[in-house]
>>> print(open('start.txt').read())   # compact mmCIF, C-alpha atoms and all ligand atoms
# COMPACT_ATOMS: atom_id res chain seq x y z
CA MET A 1340 -10.65 13.69 -20.71
CA SER A 1341 -8.49 11.12 -22.41
CA ARG A 1342 -8.06 7.81 -20.73
CA LYS A 1343 -4.91 6.52 -19.13
CA ILE A 1344 -5.10 2.86 -18.23
CA GLY A 1345 -3.15 1.37 -15.35
CA ILE A 1346 -2.42 -2.32 -15.86
CA ILE A 1347 -1.17 -4.35 -12.94
CA GLY A 1348 -0.18 -7.98 -12.55
CA ALA A 1349 1.13 -9.49 -9.34
CA MET A 1350 3.86 -11.45 -11.07
CA GLU A 1351 6.41 -10.88 -13.84
CA LEU A 1352 4.78 -13.57 -15.93
CA GLU A 1353 1.51 -11.67 -15.88
CA VAL A 1354 2.94 -8.43 -17.25
CA GLU A 1355 6.01 -9.34 -19.34
CA THR A 1356 4.10 -9.93 -22.60
CA LEU A 1357 2.31 -6.61 -22.27
CA ILE A 1358 5.47 -4.70 -21.35
CA ALA A 1359 7.13 -6.16 -24.45
CA ALA A 1360 4.21 -4.99 -26.60
CA MET A 1361 4.41 -1.37 -25.38
CA THR A 1362 5.65 1.50 -27.55
CA ASP A 1363 7.08 4.92 -26.54
CA LYS A 1364 8.15 3.15 -23.39
CA GLU A 1365 9.72 4.86 -20.38
CA LYS A 1366 10.60 3.13 -17.10
CA VAL A 1367 10.31 4.84 -13.72
CA ASP A 1368 11.34 3.08 -10.51
CA TYR A 1369 9.60 4.00 -7.32
CA ALA A 1370 8.96 2.26 -3.98
CA MET A 1371 10.71 -0.94 -5.04
CA ARG A 1372 8.69 -1.37 -8.21
CA SER A 1373 9.04 -0.41 -11.85
CA PHE A 1374 6.38 1.53 -13.72
CA TYR A 1375 6.39 1.39 -17.52
CA ILE A 1376 4.75 4.42 -19.07
CA GLY A 1377 3.87 4.41 -22.74
CA LYS A 1378 1.31 3.14 -25.23
CA LEU A 1379 -0.35 -0.18 -25.89
CA GLU A 1380 -2.14 -0.37 -29.25
CA GLY A 1381 -2.11 3.46 -29.24
CA VAL A 1382 -3.75 3.77 -25.79
CA ASP A 1383 -1.90 5.57 -22.96
CA VAL A 1384 -1.00 3.02 -20.30
CA VAL A 1385 1.06 2.61 -17.16
CA LEU A 1386 2.11 -0.95 -16.46
CA ALA A 1387 3.56 -2.48 -13.33
CA ARG A 1388 4.17 -5.70 -11.51
CA CYS A 1389 2.96 -5.08 -7.99
CA GLY A 1390 4.11 -8.20 -6.17
CA ILE A 1391 1.93 -10.59 -4.22
CA GLY A 1392 -0.85 -9.69 -1.84
CA LYS A 1393 -3.32 -6.97 -0.93
CA VAL A 1394 -0.94 -4.31 0.37
CA ASN A 1395 1.33 -4.53 -2.68
CA ALA A 1396 -1.74 -4.28 -4.89
CA ALA A 1397 -3.29 -1.28 -3.14
CA ILE A 1398 -0.13 0.83 -2.90
CA THR A 1399 0.59 0.26 -6.59
CA VAL A 1400 -2.86 1.48 -7.62
CA GLN A 1401 -2.54 4.54 -5.39
CA MET A 1402 0.85 5.40 -6.86
CA MET A 1403 -0.54 5.07 -10.36
CA VAL A 1404 -3.35 7.47 -9.46
CA ASP A 1405 -1.14 10.02 -7.69
CA LYS A 1406 1.96 9.97 -9.87
CA PHE A 1407 0.60 9.09 -13.28
CA GLY A 1408 -3.06 10.13 -13.23
CA ILE A 1409 -4.64 6.86 -14.35
CA THR A 1410 -8.38 6.90 -15.05
CA ASP A 1411 -8.90 3.12 -15.10
CA ILE A 1412 -7.18 0.16 -13.54
CA ILE A 1413 -7.00 -3.32 -15.05
CA ASN A 1414 -5.71 -6.22 -13.00
CA THR A 1415 -4.72 -9.34 -14.87
CA GLY A 1416 -3.63 -12.53 -13.21
CA VAL A 1417 -4.35 -16.09 -12.24
CA ALA A 1418 -6.67 -17.49 -9.59
CA GLY A 1419 -7.99 -20.64 -7.98
CA SER A 1420 -11.48 -21.77 -9.01
CA LEU A 1421 -14.15 -21.98 -6.30
CA ASN A 1422 -16.93 -23.13 -8.57
CA GLU A 1423 -17.27 -26.62 -10.06
CA LYS A 1424 -18.36 -25.21 -13.41
CA ILE A 1425 -15.19 -23.14 -13.72
CA ASP A 1426 -12.19 -25.16 -14.84
CA ILE A 1427 -8.46 -24.60 -15.18
CA GLY A 1428 -7.87 -22.32 -18.19
CA ASP A 1429 -11.28 -20.61 -18.00
CA ILE A 1430 -11.44 -16.86 -17.43
CA VAL A 1431 -13.32 -14.99 -14.72
CA LEU A 1432 -14.21 -11.30 -15.03
CA ALA A 1433 -15.06 -9.82 -11.64
CA THR A 1434 -18.34 -7.96 -11.34
CA ASN A 1435 -17.51 -7.35 -7.68
CA ALA A 1436 -14.80 -8.26 -5.20
CA VAL A 1437 -14.74 -9.07 -1.48
CA TYR A 1438 -12.07 -9.79 1.14
CA HIS A 1439 -12.41 -13.33 2.45
CA ASP A 1440 -10.00 -12.54 5.30
CA MET A 1441 -11.69 -9.36 6.59
CA GLU A 1442 -13.59 -10.23 9.74
CA ALA A 1443 -14.93 -8.02 12.53
CA VAL A 1444 -18.02 -10.00 13.50
CA ALA A 1445 -17.33 -9.20 17.19
CA PHE A 1446 -18.56 -5.68 16.42
CA GLY A 1447 -21.63 -6.91 14.61
CA TYR A 1448 -20.23 -6.63 11.09
CA GLU A 1449 -20.96 -9.27 8.50
CA ARG A 1450 -17.89 -11.38 7.64
CA GLY A 1451 -16.01 -9.65 4.83
CA GLN A 1452 -17.28 -6.18 5.70
CA VAL A 1453 -14.55 -3.59 6.18
CA PRO A 1454 -15.61 -1.81 9.39
CA GLN A 1455 -16.94 1.71 8.83
CA MET A 1456 -16.84 1.37 5.06
CA ASP A 1457 -20.02 2.37 3.21
CA VAL A 1458 -19.96 -0.67 0.90
CA PHE A 1459 -19.70 -4.41 1.47
CA ASP A 1460 -18.24 -5.41 -1.88
CA PHE A 1461 -16.31 -3.38 -4.42
CA LYS A 1462 -17.92 -3.16 -7.83
CA THR A 1463 -16.01 -3.20 -11.07
CA SER A 1464 -16.83 -1.22 -14.22
CA GLU A 1465 -19.69 -2.68 -16.27
CA GLU A 1466 -18.30 -1.04 -19.38
CA LEU A 1467 -14.88 -2.64 -18.92
CA VAL A 1468 -16.35 -6.05 -18.10
CA GLU A 1469 -18.39 -5.92 -21.30
CA LYS A 1470 -15.37 -4.88 -23.39
CA ALA A 1471 -13.24 -7.60 -21.81
CA GLU A 1472 -15.87 -10.23 -22.54
CA THR A 1473 -16.09 -9.18 -26.17
CA ALA A 1474 -12.29 -9.19 -26.48
CA CYS A 1475 -11.99 -12.60 -24.90
CA LYS A 1476 -14.59 -14.14 -27.18
CA LYS A 1477 -12.67 -12.79 -30.15
CA VAL A 1478 -9.09 -13.80 -29.26
CA ASN A 1479 -9.66 -16.76 -26.95
CA SER A 1480 -12.79 -18.17 -28.59
CA ASP A 1481 -12.17 -21.67 -27.21
CA ILE A 1482 -12.05 -20.40 -23.62
CA LYS A 1483 -15.08 -20.06 -21.37
CA VAL A 1484 -15.65 -16.67 -19.74
CA PHE A 1485 -17.54 -16.27 -16.47
CA LYS A 1486 -18.69 -13.07 -14.77
CA GLY A 1487 -19.21 -12.77 -11.03
CA ARG A 1488 -17.67 -12.31 -7.63
CA ILE A 1489 -14.00 -12.70 -6.82
CA ALA A 1490 -12.68 -13.18 -3.27
CA SER A 1491 -9.23 -11.94 -2.26
CA GLY A 1492 -7.08 -12.49 0.80
CA ASP A 1493 -3.48 -12.80 1.90
CA GLN A 1494 -3.47 -16.57 1.66
CA PHE A 1495 -2.78 -19.10 -1.11
CA ILE A 1496 -5.83 -21.33 -0.89
CA ALA A 1497 -4.79 -24.95 -1.29
CA GLY A 1498 -6.99 -27.02 0.98
CA LYS A 1499 -10.50 -28.41 1.03
CA ASP A 1500 -11.62 -26.95 4.37
CA ILE A 1501 -10.64 -23.35 3.75
CA LYS A 1502 -11.97 -23.61 0.18
CA GLU A 1503 -15.35 -24.85 1.43
CA ASN A 1504 -15.50 -22.08 4.04
CA ILE A 1505 -14.84 -19.32 1.52
CA LYS A 1506 -17.50 -20.83 -0.76
CA MET A 1507 -20.01 -20.93 2.09
CA TRP A 1508 -19.25 -17.37 3.25
CA PHE A 1509 -19.09 -15.58 -0.10
CA ASP A 1510 -19.90 -18.00 -2.95
CA PRO A 1511 -17.27 -16.45 -5.23
CA MET A 1512 -16.21 -17.76 -8.62
CA CYS A 1513 -12.54 -17.76 -7.76
CA VAL A 1514 -10.00 -16.78 -5.14
CA GLU A 1515 -6.77 -14.83 -5.43
CA MET A 1516 -4.64 -12.40 -3.47
CA GLU A 1517 -4.86 -8.88 -4.99
CA GLY A 1518 -8.07 -8.09 -6.90
CA CYS A 1519 -10.26 -6.76 -4.09
CA ALA A 1520 -7.49 -4.48 -2.83
CA MET A 1521 -7.27 -2.95 -6.31
CA ALA A 1522 -11.05 -2.57 -6.58
CA HIS A 1523 -11.03 -0.96 -3.13
CA ALA A 1524 -8.28 1.48 -4.11
CA ALA A 1525 -10.16 2.25 -7.34
CA TYR A 1526 -13.36 2.89 -5.36
CA VAL A 1527 -11.84 5.41 -2.95
CA ASN A 1528 -10.20 7.24 -5.87
CA GLY A 1529 -13.33 7.19 -8.04
CA ILE A 1530 -11.69 5.40 -10.99
CA ASN A 1531 -12.88 2.42 -13.05
CA CYS A 1532 -11.67 -1.05 -12.26
CA LEU A 1533 -11.54 -4.37 -14.10
CA ILE A 1534 -10.22 -7.67 -12.73
CA ILE A 1535 -9.39 -10.43 -15.21
CA ARG A 1536 -8.36 -13.78 -13.77
CA ALA A 1537 -7.49 -16.96 -15.62
CA ILE A 1538 -7.89 -20.11 -13.57
CA SER A 1539 -4.58 -21.78 -12.70
CA ASP A 1540 -5.78 -24.26 -10.06
CA LYS A 1541 -8.76 -25.43 -8.06
CA ALA A 1542 -7.74 -24.01 -4.67
CA ASP A 1543 -7.72 -27.50 -3.15
CA ASP A 1544 -5.18 -30.23 -2.36
CA SER A 1545 -4.10 -30.27 -6.01
CA ALA A 1546 -3.50 -26.50 -6.18
CA GLU A 1547 0.22 -26.60 -5.44
CA MET A 1548 0.71 -29.06 -8.29
CA ASP A 1549 -1.57 -27.44 -10.84
CA TYR A 1550 -0.52 -23.88 -10.23
CA PRO A 1551 3.02 -23.94 -11.74
CA THR A 1552 1.84 -25.99 -14.72
CA PHE A 1553 -0.98 -23.70 -15.71
CA GLU A 1554 0.08 -20.24 -14.59
CA LYS A 1555 2.04 -19.52 -17.79
CA LYS A 1556 -0.77 -20.49 -20.13
CA ALA A 1557 -3.30 -18.62 -18.02
CA ALA A 1558 -1.18 -15.47 -18.01
CA GLU A 1559 -0.82 -15.64 -21.80
CA HIS A 1560 -4.59 -15.76 -22.29
CA CYS A 1561 -5.02 -12.68 -20.12
CA ALA A 1562 -2.33 -10.75 -21.97
CA LYS A 1563 -3.88 -11.54 -25.37
CA MET A 1564 -7.23 -10.38 -24.14
CA VAL A 1565 -5.93 -7.09 -22.72
CA LEU A 1566 -4.20 -6.29 -26.03
CA GLU A 1567 -7.44 -6.87 -27.92
CA MET A 1568 -9.34 -4.72 -25.40
CA MET A 1569 -6.93 -1.83 -25.98
CA ARG A 1570 -7.81 -1.88 -29.68
CA ASN A 1571 -11.44 -1.21 -28.73
CA LEU A 1572 -11.19 1.36 -25.97
N1 LIG B 1 4.67 -18.40 -7.42
C1 LIG B 1 4.76 -17.32 -6.49
C2 LIG B 1 3.67 -17.29 -5.43
C3 LIG B 1 2.36 -17.19 -6.05
S1 LIG B 1 1.12 -16.80 -4.89
C4 LIG B 1 6.12 -17.28 -5.82
O1 LIG B 1 6.65 -18.31 -5.50
O2 LIG B 1 6.60 -16.17 -5.64
C5 LIG B 1 -0.27 -17.04 -5.95
C6 LIG B 1 -0.58 -15.94 -6.93
O3 LIG B 1 -1.54 -16.41 -7.86
C7 LIG B 1 -1.19 -14.71 -6.31
O4 LIG B 1 -0.82 -13.57 -7.02
C8 LIG B 1 -2.70 -14.97 -6.40
O5 LIG B 1 -3.43 -13.81 -6.75
C9 LIG B 1 -2.86 -16.03 -7.49
N2 LIG B 1 -3.51 -17.31 -7.12
C10 LIG B 1 -3.63 -18.36 -7.97
N3 LIG B 1 -4.23 -19.41 -7.37
C11 LIG B 1 -4.52 -19.03 -6.10
C12 LIG B 1 -5.12 -19.70 -4.98
N4 LIG B 1 -5.52 -20.96 -5.06
N5 LIG B 1 -5.24 -19.01 -3.82
C13 LIG B 1 -4.81 -17.73 -3.73
N6 LIG B 1 -4.22 -17.05 -4.76
C14 LIG B 1 -4.07 -17.68 -5.94
>>> encode(input="start.txt", output="structure tokens")
Amino acid sequence: MSRKIGIIGAMELEVETLIAAMTDKEKVDYAMRSFYIGKLEGVDVVLARCGIGKVNAAITVQMMVDKFGITDIINTGVAGSLNEKIDIGDIVLATNAVYHDMEAVAFGYERGQVPQMDVFDFKTSEELVEKAETACKKVNSDIKVFKGRIASGDQFIAGKDIKENIKMWFDPMCVEMEGCAMAHAAYVNGINCLIIRAISDKADDSAEMDYPTFEKKAAEHCAKMVLEMMRNL
């Protein structure tokens, strides 16, 4: 079966470069979002900006599966670093994703566990992580790439206390607001998932200041990397 890659960014900035690079492009509007169907470096893709947060992320993946038959989903975006070694501008490729705001410990579940779900974290595709790493080393050779856990939740993390708590609970590399919902949606649909996040801030008291300064640069790095990946799929 030939591949059709869904590519989702939460914000315009995260998808505009890729939409501009598409060929044979057709736009379909549905459920208050625009889907761009066409090719990127010859590969069939569906691209969309999903908006902020977990629900926006999950419904967009599901629509891409149901309406456009995607086989893989790639999420590109920015994130706050939760690890001292990972600096603004570096890139994190998720090997797995968790919800930092899922909590049903009253029923005996571990923090982060979705009740009645058969997995704790949502794994991404090893093949796609490997291809993304190779692509990044080629086009962004001056940028450090890390692989590991990403934590998602419906909260912009910009404070020491909440940052320290998320680190203690899950020890993730970075925090953002959509990735785990996409990995979850990919899991229940049996499709491959990749989450690429460039660090825009450090999820602490400086986050509100750093974020606007670095988000553009970070988004550009991700877009470059996705284009290179398409050439090698
Ligand atoms: N600038 C936007 C709001 C951005 S919310 C507006 O005004 O509309 C932050 C976005 O960047 C989310 O998509 C999230 O995934 C990511 N992000 C970057 N740093 C983050 C942090 N420290 N905590 C949570 N999400 C972060």
>>> closest_atom_pairs(input="start.txt", of="segment 1441-1558 of chain A", to="segment 1343-1350 of chain A", cutoff="12 Å", atoms="all atoms listed in the file", output="CSV")
residue,atom,partner,partner_atom,distance
A:Leu1467,CA,A:Ile1344,CA,11.2
A:Glu1515,CA,A:Ala1349,CA,10.3
A:Met1516,CA,A:Ala1349,CA,8.7
A:Glu1517,CA,A:Ala1349,CA,7.4
A:Gly1518,CA,A:Ala1349,CA,9.6
A:Ala1520,CA,A:Ala1349,CA,11.9
A:Met1521,CA,A:Ile1347,CA,9.1
A:Ala1522,CA,A:Ile1347,CA,11.9
A:Ala1525,CA,A:Gly1345,CA,10.7
A:Ile1530,CA,A:Ile1344,CA,10.1
A:Asn1531,CA,A:Ile1344,CA,9.4
A:Cys1532,CA,A:Gly1345,CA,9.4
A:Leu1533,CA,A:Ile1346,CA,9.5
A:Ile1534,CA,A:Ile1347,CA,9.6
A:Ile1535,CA,A:Gly1348,CA,9.9
A:Arg1536,CA,A:Gly1348,CA,10.1
A:Ala1537,CA,A:Gly1348,CA,12.0
A:Glu1554,CA,A:Met1350,CA,10.2
A:Lys1555,CA,A:Met1350,CA,10.7
A:Ala1558,CA,A:Gly1348,CA,9.3
>>> closest_atom_pairs(input="start.txt", of="chain A", to="ligand LIG 1 (chain B)", cutoff="7 Å", atoms="only C-alpha atoms and all ligand atoms", output="CSV")
residue,atom,partner,partner_atom,distance
A:Ala1349,CA,B:LIG1,O4,5.1
A:Met1350,CA,B:LIG1,O4,6.5
A:Ile1391,CA,B:LIG1,O4,4.9
A:Gly1392,CA,B:LIG1,O4,6.5
A:Gly1416,CA,B:LIG1,O5,6.6
A:Val1417,CA,B:LIG1,C10,4.9
A:Ala1418,CA,B:LIG1,C10,3.6
A:Gly1419,CA,B:LIG1,N4,3.8
A:Gln1494,CA,B:LIG1,C13,5.7
A:Phe1495,CA,B:LIG1,C13,3.6
A:Ile1496,CA,B:LIG1,N5,3.8
A:Ala1497,CA,B:LIG1,N4,5.5
A:Val1514,CA,B:LIG1,N5,5.4
A:Glu1515,CA,B:LIG1,N6,3.4
A:Met1516,CA,B:LIG1,O5,3.8
A:Glu1517,CA,B:LIG1,O5,5.4
A:Ser1539,CA,B:LIG1,N3,5.8
A:Asp1540,CA,B:LIG1,N3,5.8
A:Lys1541,CA,B:LIG1,N4,6.3
A:Ala1542,CA,B:LIG1,N4,3.8
A:Ala1546,CA,B:LIG1,N4,6.0
A:Tyr1550,CA,B:LIG1,N3,6.5
>>> closest_residue(input="start.txt", among="A:Met1507, A:Ile1538, A:Ile1358, A:Ile1376", to="Arg1450 of chain A", atoms="only C-alpha atoms")
A:Met1507
>>> residues_near_point(input="start.txt", point="(-4.4, -14.3, -20.8)", cutoff="12 Å", atoms="only C-alpha atoms", output="VMD selection string")
chain A and resid 1348 1352 to 1357 1414 to 1418 1428 to 1432 1471 1474 to 1475 1478 to 1479 1482 1484 1534 to 1539 1553 to 1568
>>> atom_distance(input="start.txt", atom1="atom CA of Asn1571 of chain A", atom2="atom CA of Leu1386 of chain A")
18.3 Å
>>> atom_distance(input="start.txt", atom1="atom CA of Lys1506 of chain A", atom2="atom CA of Cys1389 of chain A")
26.8 Å
>>> closest_residue(input="start.txt", among="A:Met1512, A:Leu1379, A:Val1385, A:Ala1445", to="Gly1408 of chain A", atoms="all atoms listed in the file")
A:Val1385
>>> closest_residue(input="start.txt", among="A:Thr1473, A:Ser1480, A:Ser1373, A:Asn1435", to="Val1458 of chain A", atoms="all atoms listed in the file")
A:Asn1435
>>> closest_residue(input="start.txt", among="A:Ser1341, A:His1523, A:Lys1424, A:Thr1399", to="Tyr1369 of chain A", atoms="only C-alpha atoms")
A:Thr1399
>>> atom_distance(input="start.txt", atom1="atom CA of Gly1390 of chain A", atom2="atom CA of Asp1460 of chain A")
22.9 Å
>>> closest_residue(input="start.txt", among="A:Asp1493, A:Asp1457, A:Glu1469, A:Asp1510", to="Tyr1526 of chain A", atoms="all atoms listed in the file")
A:Asp1457
>>> closest_residue(input="start.txt", among="A:Cys1513, A:Met1569, A:Ile1412, A:Ile1505", to="Met1361 of chain A", atoms="all atoms listed in the file")
A:Met1569
>>> axis_aligned_box(input="start.txt", around="segment 1555-1565 of chain A", padding_each_side="5 Å", output="AutoDock Vina command-line options")
--center_x -2.6 --center_y -13.8 --center_z -21.6 --size_x 19.3 --size_y 23.4 --size_z 17.6
>>> decode(input="start.txt", residues="segment 1519-1547 of chain A", atoms="N, CA and C atoms", output="PDB file, in the first residue's frame")
ATOM      1  N   CYS A1519       0.855  14.088  22.485  1.00  0.00           N
ATOM      2  CA  CYS A1519       0.353  12.815  23.018  1.00  0.00           C
ATOM      3  C   CYS A1519      -1.033  12.499  22.465  1.00  0.00           C
ATOM      4  N   ALA A1520      -1.843  13.544  22.281  1.00  0.00           N
ATOM      5  CA  ALA A1520      -3.187  13.316  21.727  1.00  0.00           C
ATOM      6  C   ALA A1520      -3.086  12.748  20.307  1.00  0.00           C
ATOM      7  N   MET A1521      -2.080  13.186  19.562  1.00  0.00           N
ATOM      8  CA  MET A1521      -1.906  12.669  18.198  1.00  0.00           C
ATOM      9  C   MET A1521      -1.385  11.233  18.239  1.00  0.00           C
ATOM     10  N   ALA A1522      -0.450  10.971  19.159  1.00  0.00           N
ATOM     11  CA  ALA A1522       0.079   9.604  19.279  1.00  0.00           C
ATOM     12  C   ALA A1522      -1.031   8.652  19.743  1.00  0.00           C
ATOM     13  N   HIS A1523      -1.890   9.133  20.598  1.00  0.00           N
ATOM     14  CA  HIS A1523      -3.040   8.358  21.085  1.00  0.00           C
ATOM     15  C   HIS A1523      -3.993   8.042  19.920  1.00  0.00           C
ATOM     16  N   ALA A1524      -4.324   9.069  19.151  1.00  0.00           N
ATOM     17  CA  ALA A1524      -5.220   8.876  18.003  1.00  0.00           C
ATOM     18  C   ALA A1524      -4.583   7.922  16.991  1.00  0.00           C
ATOM     19  N   ALA A1525      -3.272   8.038  16.798  1.00  0.00           N
ATOM     20  CA  ALA A1525      -2.570   7.137  15.880  1.00  0.00           C
ATOM     21  C   ALA A1525      -2.646   5.698  16.403  1.00  0.00           C
ATOM     22  N   TYR A1526      -2.474   5.543  17.696  1.00  0.00           N
ATOM     23  CA  TYR A1526      -2.486   4.209  18.319  1.00  0.00           C
ATOM     24  C   TYR A1526      -3.827   3.503  18.105  1.00  0.00           C
ATOM     25  N   VAL A1527      -4.925   4.215  18.388  1.00  0.00           N
ATOM     26  CA  VAL A1527      -6.230   3.546  18.267  1.00  0.00           C
ATOM     27  C   VAL A1527      -6.605   3.258  16.806  1.00  0.00           C
ATOM     28  N   ASN A1528      -5.960   3.972  15.882  1.00  0.00           N
ATOM     29  CA  ASN A1528      -6.229   3.734  14.456  1.00  0.00           C
ATOM     30  C   ASN A1528      -5.194   2.825  13.799  1.00  0.00           C
ATOM     31  N   GLY A1529      -4.190   2.432  14.573  1.00  0.00           N
ATOM     32  CA  GLY A1529      -3.146   1.547  14.050  1.00  0.00           C
ATOM     33  C   GLY A1529      -2.293   2.171  12.958  1.00  0.00           C
ATOM     34  N   ILE A1530      -2.028   3.486  13.059  1.00  0.00           N
ATOM     35  CA  ILE A1530      -1.137   4.121  12.074  1.00  0.00           C
ATOM     36  C   ILE A1530       0.153   4.587  12.758  1.00  0.00           C
ATOM     37  N   ASN A1531       1.166   4.877  11.957  1.00  0.00           N
ATOM     38  CA  ASN A1531       2.463   5.312  12.491  1.00  0.00           C
ATOM     39  C   ASN A1531       2.407   6.771  12.927  1.00  0.00           C
ATOM     40  N   CYS A1532       3.212   7.088  13.913  1.00  0.00           N
ATOM     41  CA  CYS A1532       3.224   8.464  14.406  1.00  0.00           C
ATOM     42  C   CYS A1532       4.656   8.945  14.643  1.00  0.00           C
ATOM     43  N   LEU A1533       4.873  10.215  14.350  1.00  0.00           N
ATOM     44  CA  LEU A1533       6.159  10.861  14.653  1.00  0.00           C
ATOM     45  C   LEU A1533       5.863  12.238  15.226  1.00  0.00           C
ATOM     46  N   ILE A1534       6.537  12.590  16.295  1.00  0.00           N
ATOM     47  CA  ILE A1534       6.383  13.941  16.871  1.00  0.00           C
ATOM     48  C   ILE A1534       7.746  14.623  16.860  1.00  0.00           C
ATOM     49  N   ILE A1535       7.817  15.747  16.137  1.00  0.00           N
ATOM     50  CA  ILE A1535       9.061  16.522  16.066  1.00  0.00           C
ATOM     51  C   ILE A1535       8.820  17.842  16.785  1.00  0.00           C
ATOM     52  N   ARG A1536       9.616  18.151  17.763  1.00  0.00           N
ATOM     53  CA  ARG A1536       9.425  19.422  18.478  1.00  0.00           C
ATOM     54  C   ARG A1536      10.745  20.158  18.607  1.00  0.00           C
ATOM     55  N   ALA A1537      10.741  21.418  18.178  1.00  0.00           N
ATOM     56  CA  ALA A1537      11.908  22.276  18.359  1.00  0.00           C
ATOM     57  C   ALA A1537      11.670  23.106  19.615  1.00  0.00           C
ATOM     58  N   ILE A1538      12.691  23.258  20.408  1.00  0.00           N
ATOM     59  CA  ILE A1538      12.536  23.938  21.699  1.00  0.00           C
ATOM     60  C   ILE A1538      12.460  25.457  21.519  1.00  0.00           C
ATOM     61  N   SER A1539      11.343  26.029  22.022  1.00  0.00           N
ATOM     62  CA  SER A1539      11.130  27.471  21.918  1.00  0.00           C
ATOM     63  C   SER A1539      11.334  28.188  23.248  1.00  0.00           C
ATOM     64  N   ASP A1540      11.335  27.426  24.348  1.00  0.00           N
ATOM     65  CA  ASP A1540      11.432  28.052  25.676  1.00  0.00           C
ATOM     66  C   ASP A1540      11.794  26.982  26.700  1.00  0.00           C
ATOM     67  N   LYS A1541      11.974  27.425  27.942  1.00  0.00           N
ATOM     68  CA  LYS A1541      12.385  26.471  28.975  1.00  0.00           C
ATOM     69  C   LYS A1541      11.281  26.171  29.985  1.00  0.00           C
ATOM     70  N   ALA A1542      10.049  26.456  29.618  1.00  0.00           N
ATOM     71  CA  ALA A1542       8.878  26.108  30.434  1.00  0.00           C
ATOM     72  C   ALA A1542       8.964  26.643  31.861  1.00  0.00           C
ATOM     73  N   ASP A1543       9.703  27.755  32.044  1.00  0.00           N
ATOM     74  CA  ASP A1543       9.810  28.336  33.380  1.00  0.00           C
ATOM     75  C   ASP A1543       9.404  29.814  33.341  1.00  0.00           C
ATOM     76  N   ASP A1544       9.873  30.583  34.298  1.00  0.00           N
ATOM     77  CA  ASP A1544       9.452  31.993  34.382  1.00  0.00           C
ATOM     78  C   ASP A1544       9.849  32.811  33.151  1.00  0.00           C
ATOM     79  N   SER A1545      10.811  32.313  32.388  1.00  0.00           N
ATOM     80  CA  SER A1545      11.242  33.040  31.193  1.00  0.00           C
ATOM     81  C   SER A1545      10.473  32.608  29.939  1.00  0.00           C
ATOM     82  N   ALA A1546       9.603  31.603  30.075  1.00  0.00           N
ATOM     83  CA  ALA A1546       8.962  31.008  28.891  1.00  0.00           C
ATOM     84  C   ALA A1546       8.151  32.015  28.082  1.00  0.00           C
ATOM     85  N   GLU A1547       7.397  32.876  28.785  1.00  0.00           N
ATOM     86  CA  GLU A1547       6.553  33.829  28.056  1.00  0.00           C
ATOM     87  C   GLU A1547       7.377  34.795  27.216  1.00  0.00           C
TER      88      GLU A1547
END
